[in-house]
file protein05.cif (mmCIF, C-alpha atoms)
data_final
loop_
_atom_site.label_atom_id
_atom_site.label_comp_id
_atom_site.auth_asym_id
_atom_site.auth_seq_id
_atom_site.Cartn_x
_atom_site.Cartn_y
_atom_site.Cartn_z
CA MET A 1 124.26 28.08 97.29
CA LYS A 2 127.37 29.17 95.45
CA PHE A 3 128.56 32.72 94.93
CA ILE A 4 130.19 33.92 91.73
CA SER A 5 132.84 36.44 92.69
CA HIS A 6 134.30 39.09 90.41
CA PHE A 7 137.75 37.58 90.14
CA ASN A 8 138.17 35.32 87.12
CA GLY A 9 134.62 34.05 87.53
CA GLU A 10 135.73 31.57 90.17
CA VAL A 11 133.08 29.87 92.25
CA VAL A 12 133.42 30.60 95.94
CA GLN A 13 131.76 28.45 98.55
CA PRO A 14 131.13 30.52 101.70
CA CYS A 15 132.95 29.34 104.80
CA LEU A 16 129.84 28.94 106.92
CA PRO A 17 129.19 26.67 109.90
CA ARG A 18 128.72 23.02 109.16
CA ASN A 19 125.20 21.99 108.10
CA ALA A 20 124.51 25.57 107.02
CA GLY A 21 122.16 24.26 104.35
CA TYR A 22 123.72 25.78 101.24
CA GLY A 23 123.02 23.96 98.02
CA LYS A 24 120.13 21.89 99.40
CA ARG A 25 116.89 21.74 97.46
CA LYS A 26 114.12 23.55 99.28
CA LYS A 27 110.56 22.33 99.50
CA ALA A 28 107.69 24.60 98.54
CA HIS A 29 106.58 25.22 102.10
CA SER A 30 110.02 26.58 103.00
CA TRP A 31 109.13 29.82 101.21
CA LEU A 32 106.26 30.27 103.64
CA LEU A 33 108.49 29.53 106.62
CA PHE A 34 111.01 32.16 105.59
CA PHE A 35 108.25 34.66 104.91
CA PHE A 36 106.52 33.95 108.24
CA PHE A 37 109.76 34.36 110.18
CA GLY A 38 110.33 37.79 108.64
CA PHE A 39 106.71 38.93 108.86
CA SER A 40 106.53 37.94 112.56
CA LEU A 41 108.26 41.28 113.12
CA ALA A 42 104.80 42.80 112.66
CA ILE A 43 103.22 40.89 115.57
CA PRO A 44 103.67 42.65 118.94
CA ILE A 45 103.44 40.77 122.22
CA ALA A 46 104.30 43.60 124.60
CA PRO A 47 104.73 46.79 122.56
CA GLU A 48 105.72 48.96 125.52
CA SER A 49 108.46 46.45 126.41
CA ARG A 50 109.44 46.23 122.73
CA ILE A 51 108.88 42.47 122.63
CA LEU A 52 107.58 40.93 119.40
CA PHE A 53 106.61 37.47 118.25
CA PHE A 54 109.71 37.77 116.08
CA ASP A 55 111.83 37.80 119.25
CA VAL A 56 110.24 34.58 120.49
CA ILE A 57 110.96 32.82 117.18
CA ALA A 58 114.48 34.29 117.12
CA LEU A 59 115.15 32.88 120.59
CA GLY A 60 113.92 29.47 119.43
CA VAL A 61 116.23 29.62 116.37
CA CYS A 62 119.21 30.47 118.58
CA ILE A 63 118.44 27.60 120.99
CA ALA A 64 117.81 25.08 118.20
CA HIS A 65 121.06 26.00 116.43
CA CYS A 66 123.18 26.81 119.47
CA LYS A 67 125.78 24.13 118.66
CA VAL A 68 126.22 25.37 115.10
CA LEU A 69 126.47 28.99 116.23
CA ALA A 70 128.95 28.05 118.93
CA ARG A 71 131.33 26.70 116.27
CA SER A 72 131.55 30.14 114.64
CA ASN A 73 134.56 32.13 115.82
CA GLN A 74 132.87 35.47 115.22
CA VAL A 75 129.84 34.40 117.29
CA ARG A 76 132.20 33.50 120.13
CA ILE A 77 133.78 36.94 119.85
CA VAL A 78 130.36 38.58 119.96
CA PHE A 79 129.40 36.62 123.08
CA LEU A 80 132.64 37.72 124.74
CA LEU A 81 131.96 41.36 123.84
CA TYR A 82 128.39 40.97 125.10
CA ALA A 83 129.63 39.66 128.45
CA ILE A 84 132.13 42.52 128.75
CA TYR A 85 129.45 45.06 127.86
CA ILE A 86 126.96 43.71 130.40
CA PHE A 87 129.67 43.60 133.07
CA SER A 88 130.63 47.22 132.32
CA ILE A 89 127.03 48.36 132.70
CA PHE A 90 126.61 46.46 135.96
CA LEU A 91 129.91 47.74 137.38
CA SER A 92 128.96 51.33 136.60
CA LEU A 93 125.53 50.80 138.19
CA VAL A 94 127.07 49.45 141.41
CA ILE A 95 129.67 52.22 141.69
CA HIS A 96 127.11 54.98 141.16
CA GLU A 97 124.51 53.23 143.36
CA LEU A 98 121.71 53.39 140.83
CA PRO A 99 118.49 51.30 140.96
CA LEU A 100 118.84 47.71 139.75
CA ILE A 101 115.91 48.21 137.38
CA ASN A 102 118.12 50.51 135.30
CA PHE A 103 120.54 47.66 134.67
CA ILE A 104 117.72 45.22 133.88
CA ARG A 105 116.16 47.58 131.34
CA ARG A 106 119.40 48.33 129.54
CA ALA A 107 120.64 44.71 129.59
CA PHE A 108 117.25 43.53 128.31
CA ILE A 109 117.46 45.71 125.18
CA ILE A 110 121.05 44.63 124.48
CA THR A 111 120.09 40.97 124.91
CA LEU A 112 117.16 41.32 122.51
CA LEU A 113 119.48 42.89 119.97
CA LEU A 114 121.93 40.00 120.28
CA ILE A 115 119.21 37.34 119.91
CA GLU A 116 117.71 39.03 116.85
CA ALA A 117 121.11 39.45 115.17
CA LEU A 118 122.19 35.85 115.74
CA ALA A 119 118.86 34.42 114.57
CA LEU A 120 118.89 36.52 111.40
CA TYR A 121 122.48 35.51 110.71
CA ARG A 122 121.67 31.83 111.11
CA VAL A 123 118.54 31.94 108.94
CA ILE A 124 120.23 33.99 106.19
CA SER A 125 123.16 31.56 106.25
CA CYS A 126 120.81 28.61 105.72
CA ALA A 127 119.11 30.11 102.68
CA ASP A 128 119.79 30.44 99.00
CA VAL A 129 119.46 33.86 97.38
CA LYS A 130 115.75 33.65 96.59
CA HIS A 131 114.88 32.57 100.12
CA GLN A 132 117.08 35.33 101.53
CA LEU A 133 115.19 37.89 99.46
CA VAL A 134 111.83 36.48 100.56
CA LEU A 135 112.93 36.73 104.19
CA LEU A 136 114.16 40.31 103.74
CA LEU A 137 111.00 41.34 101.91
CA ALA A 138 108.90 39.93 104.77
CA LEU A 139 111.08 41.78 107.30
CA MET A 140 110.53 45.08 105.49
CA LEU A 141 106.78 44.41 105.28
CA GLY A 142 106.64 43.49 108.97
CA MET A 143 108.56 46.60 109.92
CA SER A 144 106.18 48.78 107.88
CA MET A 145 103.13 47.33 109.64
CA HIS A 146 104.14 49.11 112.87
CA TYR A 147 102.83 52.31 111.30
CA PHE A 148 99.33 51.12 112.27
CA TYR A 149 100.13 50.62 115.98
CA PRO A 150 103.11 52.84 116.79
CA VAL A 151 104.71 53.26 120.22
CA ASP A 152 105.89 56.70 119.14
CA GLU A 153 103.49 59.38 117.88
CA ARG A 154 106.20 60.77 115.60
CA VAL A 155 105.71 57.69 113.40
CA ILE A 156 102.26 59.01 112.47
CA ASP A 157 103.42 62.61 111.99
CA GLU A 158 106.59 61.82 110.00
CA PRO A 159 106.39 58.17 108.89
CA ILE A 160 109.20 58.26 106.30
CA LYS A 161 111.62 59.77 108.77
CA PHE A 162 110.86 57.62 111.80
CA LEU A 163 109.79 54.25 110.38
CA LEU A 164 108.98 53.72 106.71
CA GLY A 165 112.00 55.29 105.03
CA LEU A 166 114.27 52.26 105.26
CA PRO A 167 111.77 49.43 104.53
CA PHE A 168 110.29 51.24 101.52
CA GLY A 169 113.73 51.90 100.01
CA VAL A 170 115.09 48.44 100.73
CA THR A 171 111.96 46.92 99.16
CA ILE A 172 112.92 48.65 95.90
CA THR A 173 116.34 47.00 95.96
CA ILE A 174 114.83 43.60 96.86
CA LEU A 175 112.46 43.68 93.89
CA PHE A 176 115.36 44.52 91.58
CA SER A 177 117.53 41.79 93.11
CA PHE A 178 114.92 39.14 92.30
CA PHE A 179 115.47 39.76 88.60
CA LEU A 180 119.03 41.07 88.59
CA ALA A 181 121.10 40.25 85.53
CA ASN A 182 123.88 42.73 86.38
CA SER A 183 123.39 44.57 83.07
CA LEU A 184 124.10 48.28 82.66
CA ARG A 185 120.46 48.96 81.78
CA GLN A 186 119.22 47.40 85.02
CA LYS A 187 121.86 49.23 87.04
CA LEU A 188 120.80 52.53 85.51
CA LEU A 189 117.16 51.77 86.26
CA LEU A 190 117.91 50.80 89.87
CA ALA A 191 120.14 53.84 90.42
CA GLY A 192 117.47 56.09 88.92
CA CYS A 193 114.81 54.65 91.24
CA LEU A 194 117.06 55.07 94.28
CA VAL A 195 117.92 58.67 93.36
CA ALA A 196 114.21 59.45 92.88
CA TYR A 197 113.41 57.83 96.24
CA SER A 198 116.28 59.74 97.83
CA GLY A 199 114.82 63.02 96.58
CA PHE A 200 111.40 62.00 97.91
CA CYS A 201 112.94 61.37 101.35
CA PHE A 202 114.69 64.74 101.35
CA PHE A 203 111.45 66.57 100.67
CA GLN A 204 109.74 64.51 103.38
CA ASP A 205 112.26 66.03 105.83
CA SER A 206 114.13 62.72 106.12
CA ARG A 207 117.60 63.87 105.21
CA ILE A 208 119.22 60.74 106.66
CA MET A 209 117.24 58.29 104.53
CA GLY A 210 117.73 60.57 101.54
CA GLY A 211 121.49 60.51 102.03
CA ILE A 212 121.63 56.74 102.61
CA PHE A 213 119.81 55.88 99.40
CA PHE A 214 121.69 58.49 97.37
CA ILE A 215 124.96 56.86 98.46
CA SER A 216 123.47 53.43 97.71
CA ALA A 217 122.57 54.63 94.20
CA CYS A 218 126.18 55.73 93.62
CA LEU A 219 127.50 52.34 94.79
CA VAL A 220 125.31 50.47 92.28
CA PHE A 221 127.95 51.09 89.61
CA MET A 222 130.97 50.23 91.74
CA GLU A 223 133.00 47.21 90.69
CA LEU A 224 135.60 45.85 93.10
CA ASP A 225 138.06 42.98 93.03
CA LEU A 226 138.87 42.92 96.72
CA PRO A 227 139.33 39.14 97.14
CA ARG A 228 142.36 39.31 94.85
CA LYS A 229 143.96 41.69 97.37
CA LEU A 230 144.39 39.53 100.44
CA HIS A 231 145.83 42.52 102.29
CA TYR A 232 142.42 44.25 102.16
CA ARG A 233 142.23 44.36 105.96
CA LYS A 234 145.43 46.41 105.99
CA VAL A 235 144.27 48.93 103.40
CA PHE A 236 140.66 49.08 104.58
CA PRO A 237 141.33 52.17 106.77
CA LEU A 238 142.22 54.01 103.56
CA TYR A 239 138.90 52.98 102.02
CA LEU A 240 137.20 54.13 105.22
CA LEU A 241 138.98 57.49 105.13
CA LEU A 242 138.04 57.99 101.48
CA GLY A 243 134.42 57.14 102.25
CA PHE A 244 134.40 59.54 105.19
CA MET A 245 135.77 62.35 103.00
CA ILE A 246 133.07 61.75 100.38
CA ILE A 247 130.31 61.67 102.99
CA PHE A 248 131.76 64.77 104.69
CA ALA A 249 131.68 66.66 101.36
CA PHE A 250 128.09 65.51 100.78
CA ILE A 251 127.04 66.66 104.28
CA GLU A 252 128.75 70.04 103.81
CA ALA A 253 126.86 70.54 100.55
CA TYR A 254 123.62 69.53 102.25
CA SER A 255 124.30 71.92 105.17
CA TYR A 256 124.79 74.81 102.78
CA LEU A 257 121.50 74.09 101.04
CA ALA A 258 119.70 73.55 104.35
CA ILE A 259 120.91 76.83 105.84
CA SER A 260 119.70 78.51 102.63
CA GLY A 261 116.22 77.21 103.48
CA PHE A 262 116.03 74.68 100.67
CA PHE A 263 114.77 71.86 102.95
CA GLY A 264 112.57 73.81 105.35
CA ASP A 265 112.86 75.71 108.62
CA ARG A 266 113.60 72.75 110.90
CA ALA A 267 116.43 71.47 108.73
CA ALA A 268 117.82 75.02 108.55
CA GLY A 269 117.81 75.33 112.35
CA ILE A 270 119.62 72.04 112.83
CA ALA A 271 122.17 72.89 110.15
CA VAL A 272 122.92 76.25 111.81
CA PHE A 273 123.55 74.48 115.12
CA GLN A 274 125.65 71.90 113.33
CA GLU A 275 127.93 74.59 111.91
CA GLN A 276 128.50 76.03 115.40
CA PHE A 277 130.00 72.83 116.85
CA PHE A 278 132.84 71.20 114.92
CA GLY A 279 131.31 71.94 111.51
CA SER A 280 129.61 68.82 110.18
CA LEU A 281 131.46 66.35 112.39
CA LEU A 282 128.27 66.00 114.43
CA LEU A 283 126.39 64.69 111.41
CA GLY A 284 122.75 65.63 111.75
CA GLY A 285 123.48 68.25 114.41
CA ARG A 286 122.74 66.15 117.48
CA PRO A 287 123.23 68.31 120.59
CA GLU A 288 122.78 65.21 122.76
CA VAL A 289 126.01 63.82 121.31
CA LEU A 290 127.81 66.89 122.61
CA ILE A 291 126.43 66.22 126.11
CA ASN A 292 127.43 62.55 125.94
CA VAL A 293 130.98 63.52 124.95
CA MET A 294 131.16 65.90 127.91
CA ALA A 295 129.88 63.19 130.25
CA PHE A 296 132.38 60.67 128.84
CA TYR A 297 135.20 63.17 129.41
CA ASP A 298 134.10 63.55 133.05
CA SER A 299 134.09 59.76 133.68
CA PRO A 300 135.79 57.87 130.81
CA LEU A 301 136.48 54.55 132.55
CA ILE A 302 133.15 53.59 134.12
CA GLY A 303 130.68 56.16 132.80
CA HIS A 304 127.76 57.45 134.83
CA GLY A 305 125.63 54.32 135.03
CA PRO A 306 122.75 52.95 132.91
CA LEU A 307 119.85 55.34 132.30
CA SER A 308 121.45 57.98 134.51
CA GLU A 309 119.23 61.01 133.86
CA SER A 310 121.51 63.62 135.40
CA LEU A 311 119.87 67.00 135.98
CA GLU A 312 123.28 68.60 135.46
CA TYR A 313 123.60 67.33 131.89
CA ARG A 314 119.95 68.01 131.16
CA GLY A 315 120.54 71.59 132.24
CA ILE A 316 123.54 71.92 129.92
CA LEU A 317 121.50 70.50 127.04
CA SER A 318 118.72 72.96 127.83
CA ASP A 319 121.18 75.88 127.85
CA ILE A 320 122.28 75.02 124.29
CA GLY A 321 118.83 76.15 123.22
CA VAL A 322 117.96 73.58 120.56
CA TYR A 323 115.20 71.95 122.66
CA GLY A 324 112.69 73.45 125.03
CA LYS A 325 112.70 72.61 128.75
CA GLY A 326 109.31 70.92 128.46
CA TYR A 327 110.78 68.41 126.02
CA LEU A 328 113.89 67.73 128.08
CA TYR A 329 112.18 67.22 131.42
CA GLY A 330 109.11 65.42 130.11
CA TYR A 331 110.82 62.87 127.88
CA GLU A 332 112.65 59.81 129.18
CA GLU A 333 116.25 59.33 128.02
CA SER A 334 116.20 62.82 126.52
CA ILE A 335 119.98 63.23 126.81
CA TYR A 336 120.63 60.20 124.57
CA HIS A 337 120.55 60.38 120.79
CA SER A 338 123.37 57.98 119.89
CA THR A 339 123.81 54.31 120.67
CA LEU A 340 127.59 54.68 120.61
CA PHE A 341 127.95 57.88 122.64
CA SER A 342 125.24 56.95 125.13
CA ALA A 343 127.14 53.70 125.77
CA GLY A 344 130.22 55.77 126.60
CA HIS A 345 128.08 58.03 128.78
CA GLU A 346 126.63 55.08 130.69
CA ALA A 347 129.41 52.46 130.82
CA GLY A 348 132.63 54.17 129.77
CA LEU A 349 135.50 53.18 127.54
CA LEU A 350 134.92 49.43 127.10
CA ALA A 351 131.33 49.89 125.96
CA THR A 352 132.43 52.57 123.49
CA PHE A 353 135.10 50.33 121.96
CA ILE A 354 132.60 47.46 121.59
CA TRP A 355 130.22 49.61 119.54
CA LEU A 356 133.13 51.00 117.51
CA TYR A 357 134.12 47.42 116.67
CA ILE A 358 130.58 46.71 115.43
CA VAL A 359 130.64 49.88 113.31
CA TYR A 360 133.98 48.76 111.85
CA LYS A 361 132.56 45.33 110.95
CA MET A 362 129.57 46.91 109.20
CA ALA A 363 131.70 49.36 107.23
CA PHE A 364 134.10 46.54 106.30
CA SER A 365 131.19 44.52 104.91
CA VAL A 366 130.05 47.04 102.27
CA PRO A 367 132.99 46.53 99.84
CA VAL A 368 132.96 42.79 100.54
CA PHE A 369 129.34 42.48 99.39
CA ILE A 370 130.04 44.59 96.30
CA ALA A 371 133.02 42.42 95.34
CA ILE A 372 131.64 38.96 96.13
CA HIS A 373 127.85 38.90 96.31
CA ARG A 374 126.36 41.47 93.92
CA GLN A 375 122.80 40.15 94.07
CA LEU A 376 122.53 40.62 97.83
CA ALA A 377 124.80 43.70 97.86
CA PHE A 378 122.09 46.09 96.64
CA VAL A 379 119.92 45.05 99.61
CA ALA A 380 122.70 44.86 102.19
CA ILE A 381 124.32 48.23 101.42
CA PRO A 382 121.49 50.56 102.60
CA VAL A 383 120.88 48.31 105.62
CA LEU A 384 124.56 48.43 106.59
CA ILE A 385 124.89 52.19 106.06
CA SER A 386 121.70 52.80 108.00
CA GLY A 387 122.97 50.50 110.77
CA VAL A 388 126.19 52.51 111.04
CA TRP A 389 124.23 55.75 111.18
CA ASN A 390 121.82 54.46 113.83
CA ILE A 391 124.70 53.34 116.05
CA LEU A 392 126.48 56.66 115.67
CA PHE A 393 123.60 59.12 115.81
CA SER A 394 120.35 57.42 116.83
CA PRO A 395 119.12 55.95 120.14
CA LEU A 396 118.60 52.21 120.57
CA ILE A 397 114.81 52.29 120.31
CA SER A 398 112.87 49.39 118.84
CA TYR A 399 112.55 50.86 115.33
CA ASN A 400 116.33 51.27 115.14
CA ARG A 401 117.11 47.99 116.92
CA TRP A 402 115.66 45.88 114.09
CA ASN A 403 117.82 47.68 111.56
CA ILE A 404 120.96 47.32 113.70
CA ALA A 405 120.27 43.60 114.26
CA LEU A 406 119.90 42.99 110.52
CA ALA A 407 123.05 45.02 109.79
CA ILE A 408 125.02 42.92 112.32
CA ALA A 409 123.71 39.74 110.66
CA PHE A 410 124.84 41.05 107.26
CA ALA A 411 128.26 41.84 108.75
CA PHE A 412 128.55 38.21 109.92
CA VAL A 413 127.57 36.92 106.47
CA ALA A 414 130.13 39.23 104.84
CA SER A 415 132.85 37.89 107.15
CA ASP A 416 131.99 34.33 106.08
CA LEU A 417 132.12 35.34 102.41
CA TRP A 418 135.44 37.10 102.88
CA ARG A 419 137.06 34.14 104.63
CA ALA A 420 135.80 31.74 101.96
CA SER A 421 137.13 33.95 99.17
CA ALA A 422 140.50 34.39 100.84
CA ALA A 423 140.77 30.64 101.45
CA ALA A 424 139.92 29.91 97.81
CA LEU A 425 142.65 32.25 96.63
CA ARG A 426 145.26 30.85 99.00
CA ARG A 427 144.50 27.27 97.88
CA PRO A 428 147.31 26.11 95.51
CA LYS A 429 146.03 25.47 92.00
CA TRP A 430 148.13 22.34 91.62
CA ASN A 431 146.05 20.73 94.39
CA CYS A 432 142.96 21.19 92.29
CA GLN A 433 144.73 19.79 89.22
CA VAL A 434 145.92 16.73 91.14
CA SER A 435 142.42 16.21 92.52
CA ASN A 436 140.92 16.42 89.01
CA GLN A 437 143.49 13.94 87.64
CA SER A 438 142.78 11.54 90.48
CA LEU A 439 139.05 11.88 89.91
CA GLY A 440 139.50 11.14 86.19
CA ALA A 441 141.66 8.12 86.93
CA SER A 442 139.12 6.75 89.39
CA LYS A 443 136.34 7.17 86.81
CA ARG A 444 138.36 5.31 84.16
CA ALA A 445 139.03 2.52 86.64
#
call {"tool": "encode", "arguments": {"input": "protein05.cif", "output": "structure tokens"}}
result
Amino acid sequence: MKFISHFNGEVVQPCLPRNAGYGKRKKAHSWLLFFFFGFSLAIPIAPESRILFFDVIALGVCIAHCKVLARSNQVRIVFLLYAIYIFSIFLSLVIHELPLINFIRRAFIITLLLIEALALYRVISCADVKHQLVLLLALMLGMSMHYFYPVDERVIDEPIKFLLGLPFGVTITILFSFFLANSLRQKLLLAGCLVAYSGFCFFQDSRIMGGIFFISACLVFMELDLPRKLHYRKVFPLYLLLGFMIIFAFIEAYSYLAISGFFGDRAAGIAVFQEQFFGSLLLGGRPEVLINVMAFYDSPLIGHGPLSESLEYRGILSDIGVYGKGYLYGYEESIYHSTLFSAGHEAGLLATFIWLYIVYKMAFSVPVFIAIHRQLAFVAIPVLISGVWNILFSPLISYNRWNIALAIAFAFVASDLWRASAAALRRPKWNCQVSNQSLGASKRA
């Protein structure tokens, strides 16, 4: 598959691992294989252990393509970070003399996340656009099926907020991407649908999904020419700062409306708490994040150990007054509501920096998709933004893990696209002219 970038209409061949499968003609049954791989997310094997048939297939994909994956520099970096992360968790466990089962449980979830991300990256890399969209549509359908056998009762009570918000919204973008012609009329239609869906999420008390798809609707009209600027990595922090300022302004406006009672009593209560601690810096008003920051300050190097349910920190969280004591002492991992900050709480500085690196890669990928791969960008953008949010302000439960794994896979694909675009721009044009002259001479001979 070739990608048409937005700089001079040049054709860019992604710099993917050898034998990635781009440009090969697919047989009819390959559509079913891609669909089955994505839909296997709906088939649980051990729901309480968060193991799915999808994980078994993902492990098989990683084993079958281990040599190809091993040739990817970014996969090597991820394996190194994984080893450092696991070592940090184990070291903290040993120092604090916690049960070994705590390490096994935490390492198991991280390992599943890694396997899912690598398998999705490999399969997406092997597909053309239509097969990618079929895979993603099947993933969204498989994710939605968990509504019928949830491991969390909140999925039944508030399905849009806890499960269905992302797959329903991403399905809208997938259906548009199948027939995308990049015309203004289609962009207006897609943006209108996303804004309408965003409003629906807000009034379903899912302010996060509402915000994600409202931002995605705004980005539909963005046109970037980033590959022309090879110094993008240097100026990316400025893009990040600008994005943060826009999101901060949006959150402040939302907080004002929420405190006014526009989105209901629960949203008003959270917004009031949010204004008490650092304004809107704790996006979503997560009091657990405040506790994790305090715990990280107390032990920044090694943390407090995996799944360390300290009564001291539970007591502090209870004193804040947002949750009742029955909730805090009857719910496992009640002091964690952020993948990033809980990693710092449990394993210290190294684990925190690893998750910050992943967040950086995801944020970096959004402009890259907009500039280079418009057809997949509309699907990737809400997944990437949601992945960043879930790392920053959501726990690593199964429903969030699938989103984070897909966002990591998209970040890998974006890195391949970026390297290919940069390499194409650095390639001297006279080389191409010489090659074309030589090819013409050989044909005449």
call {"tool": "atom_distance", "arguments": {"input": "protein05.cif", "atom1": "CA of Leu141 in chain A", "atom2": "CA of Cys62 in chain A"}}
result
22.9 Å
call {"tool": "resolve_selection", "arguments": {"input": "protein05.cif", "expression": "the PyMOL selection byres ((chain A and resi 201) around 12)", "output": "PDB file with C-alpha atoms, in the frame of the given file"}}
result
ATOM      1  CA  GLU A 158     106.590  61.820 110.000  1.00  0.00           C
ATOM      2  CA  PRO A 159     106.390  58.170 108.890  1.00  0.00           C
ATOM      3  CA  ILE A 160     109.200  58.260 106.300  1.00  0.00           C
ATOM      4  CA  LYS A 161     111.620  59.770 108.770  1.00  0.00           C
ATOM      5  CA  PHE A 162     110.860  57.620 111.800  1.00  0.00           C
ATOM      6  CA  LEU A 163     109.790  54.250 110.380  1.00  0.00           C
ATOM      7  CA  LEU A 164     108.980  53.720 106.710  1.00  0.00           C
ATOM      8  CA  GLY A 165     112.000  55.290 105.030  1.00  0.00           C
ATOM      9  CA  LEU A 166     114.270  52.260 105.260  1.00  0.00           C
ATOM     10  CA  PHE A 168     110.290  51.240 101.520  1.00  0.00           C
ATOM     11  CA  GLY A 169     113.730  51.900 100.010  1.00  0.00           C
ATOM     12  CA  LEU A 194     117.060  55.070  94.280  1.00  0.00           C
ATOM     13  CA  VAL A 195     117.920  58.670  93.360  1.00  0.00           C
ATOM     14  CA  ALA A 196     114.210  59.450  92.880  1.00  0.00           C
ATOM     15  CA  TYR A 197     113.410  57.830  96.240  1.00  0.00           C
ATOM     16  CA  SER A 198     116.280  59.740  97.830  1.00  0.00           C
ATOM     17  CA  GLY A 199     114.820  63.020  96.580  1.00  0.00           C
ATOM     18  CA  PHE A 200     111.400  62.000  97.910  1.00  0.00           C
ATOM     19  CA  PHE A 202     114.690  64.740 101.350  1.00  0.00           C
ATOM     20  CA  PHE A 203     111.450  66.570 100.670  1.00  0.00           C
ATOM     21  CA  GLN A 204     109.740  64.510 103.380  1.00  0.00           C
ATOM     22  CA  ASP A 205     112.260  66.030 105.830  1.00  0.00           C
ATOM     23  CA  SER A 206     114.130  62.720 106.120  1.00  0.00           C
ATOM     24  CA  ARG A 207     117.600  63.870 105.210  1.00  0.00           C
ATOM     25  CA  ILE A 208     119.220  60.740 106.660  1.00  0.00           C
ATOM     26  CA  MET A 209     117.240  58.290 104.530  1.00  0.00           C
ATOM     27  CA  GLY A 210     117.730  60.570 101.540  1.00  0.00           C
ATOM     28  CA  GLY A 211     121.490  60.510 102.030  1.00  0.00           C
ATOM     29  CA  ILE A 212     121.630  56.740 102.610  1.00  0.00           C
ATOM     30  CA  PHE A 213     119.810  55.880  99.400  1.00  0.00           C
ATOM     31  CA  PHE A 214     121.690  58.490  97.370  1.00  0.00           C
ATOM     32  CA  PHE A 263     114.770  71.860 102.950  1.00  0.00           C
TER      33      PHE A 263
END
call {"tool": "closest_residue", "arguments": {"input": "protein05.cif", "among": "A:Val220, A:Leu396, A:Leu241, A:Leu120", "to": "Ala58 in chain A", "atoms": "only C-alpha atoms"}}
result
A:Leu120
call {"tool": "resolve_selection", "arguments": {"input": "protein05.cif", "expression": "the PyMOL selection byres ((chain A and resi 146) around 12)", "output": "VMD selection string"}}
result
chain A and resid 39 to 44 47 50 52 139 to 145 147 to 153 155 to 156 159 162 to 164 167 398 to 399
call {"tool": "closest_residue", "arguments": {"input": "protein05.cif", "among": "A:Leu317, A:Ala253, A:Thr352, A:Phe54", "to": "Leu112 in chain A", "atoms": "all atoms listed in the file"}}
result
A:Phe54
call {"tool": "closest_residue", "arguments": {"input": "protein05.cif", "among": "A:Phe179, A:Phe35, A:Phe369, A:Tyr336", "to": "Ala127 in chain A", "atoms": "all atoms listed in the file"}}
result
A:Phe35
call {"tool": "closest_residue", "arguments": {"input": "protein05.cif", "among": "A:Ile335, A:Ile110, A:Ala46, A:Leu59", "to": "Ile86 in chain A", "atoms": "only C-alpha atoms"}}
result
A:Ile110
call {"tool": "closest_atom_pairs", "arguments": {"input": "protein05.cif", "of": "range 57-129 of chain A", "to": "range 293-314 of chain A", "cutoff": "7 Å", "atoms": "all atoms listed in the file", "output": "CSV"}}
result
residue,atom,partner,partner_atom,distance
A:Ile89,CA,A:Pro306,CA,6.3
A:Ser92,CA,A:Gly305,CA,4.7
A:Leu93,CA,A:Gly305,CA,4.7
A:His96,CA,A:Gly305,CA,6.3
A:Asn102,CA,A:Pro306,CA,5.8
A:Phe103,CA,A:Pro306,CA,6.0
A:Arg106,CA,A:Pro306,CA,6.6
call {"tool": "atom_distance", "arguments": {"input": "protein05.cif", "atom1": "CA of Ala351 in chain A", "atom2": "CA of Ser88 in chain A"}}
result
6.9 Å
call {"tool": "closest_residue", "arguments": {"input": "protein05.cif", "among": "A:Ala107, A:Ala363, A:Val123, A:Ile372", "to": "Ala64 in chain A", "atoms": "all atoms listed in the file"}}
result
A:Val123
call {"tool": "atom_distance", "arguments": {"input": "protein05.cif", "atom1": "CA of Leu114 in chain A", "atom2": "CA of Ser421 in chain A"}}
result
26.7 Å
call {"tool": "resolve_selection", "arguments": {"input": "protein05.cif", "expression": "the PyMOL selection byres ((chain A and resi 401-404) around 9)", "output": "PyMOL selection string"}}
result
chain A and resi 41+109+112-113+116-117+143+166+383-384+386-388+390-391+395-400+405-409
call {"tool": "closest_residue", "arguments": {"input": "protein05.cif", "among": "A:Ala83, A:Ile104, A:Val56, A:Ala119", "to": "Leu69 in chain A", "atoms": "only C-alpha atoms"}}
result
A:Ala119
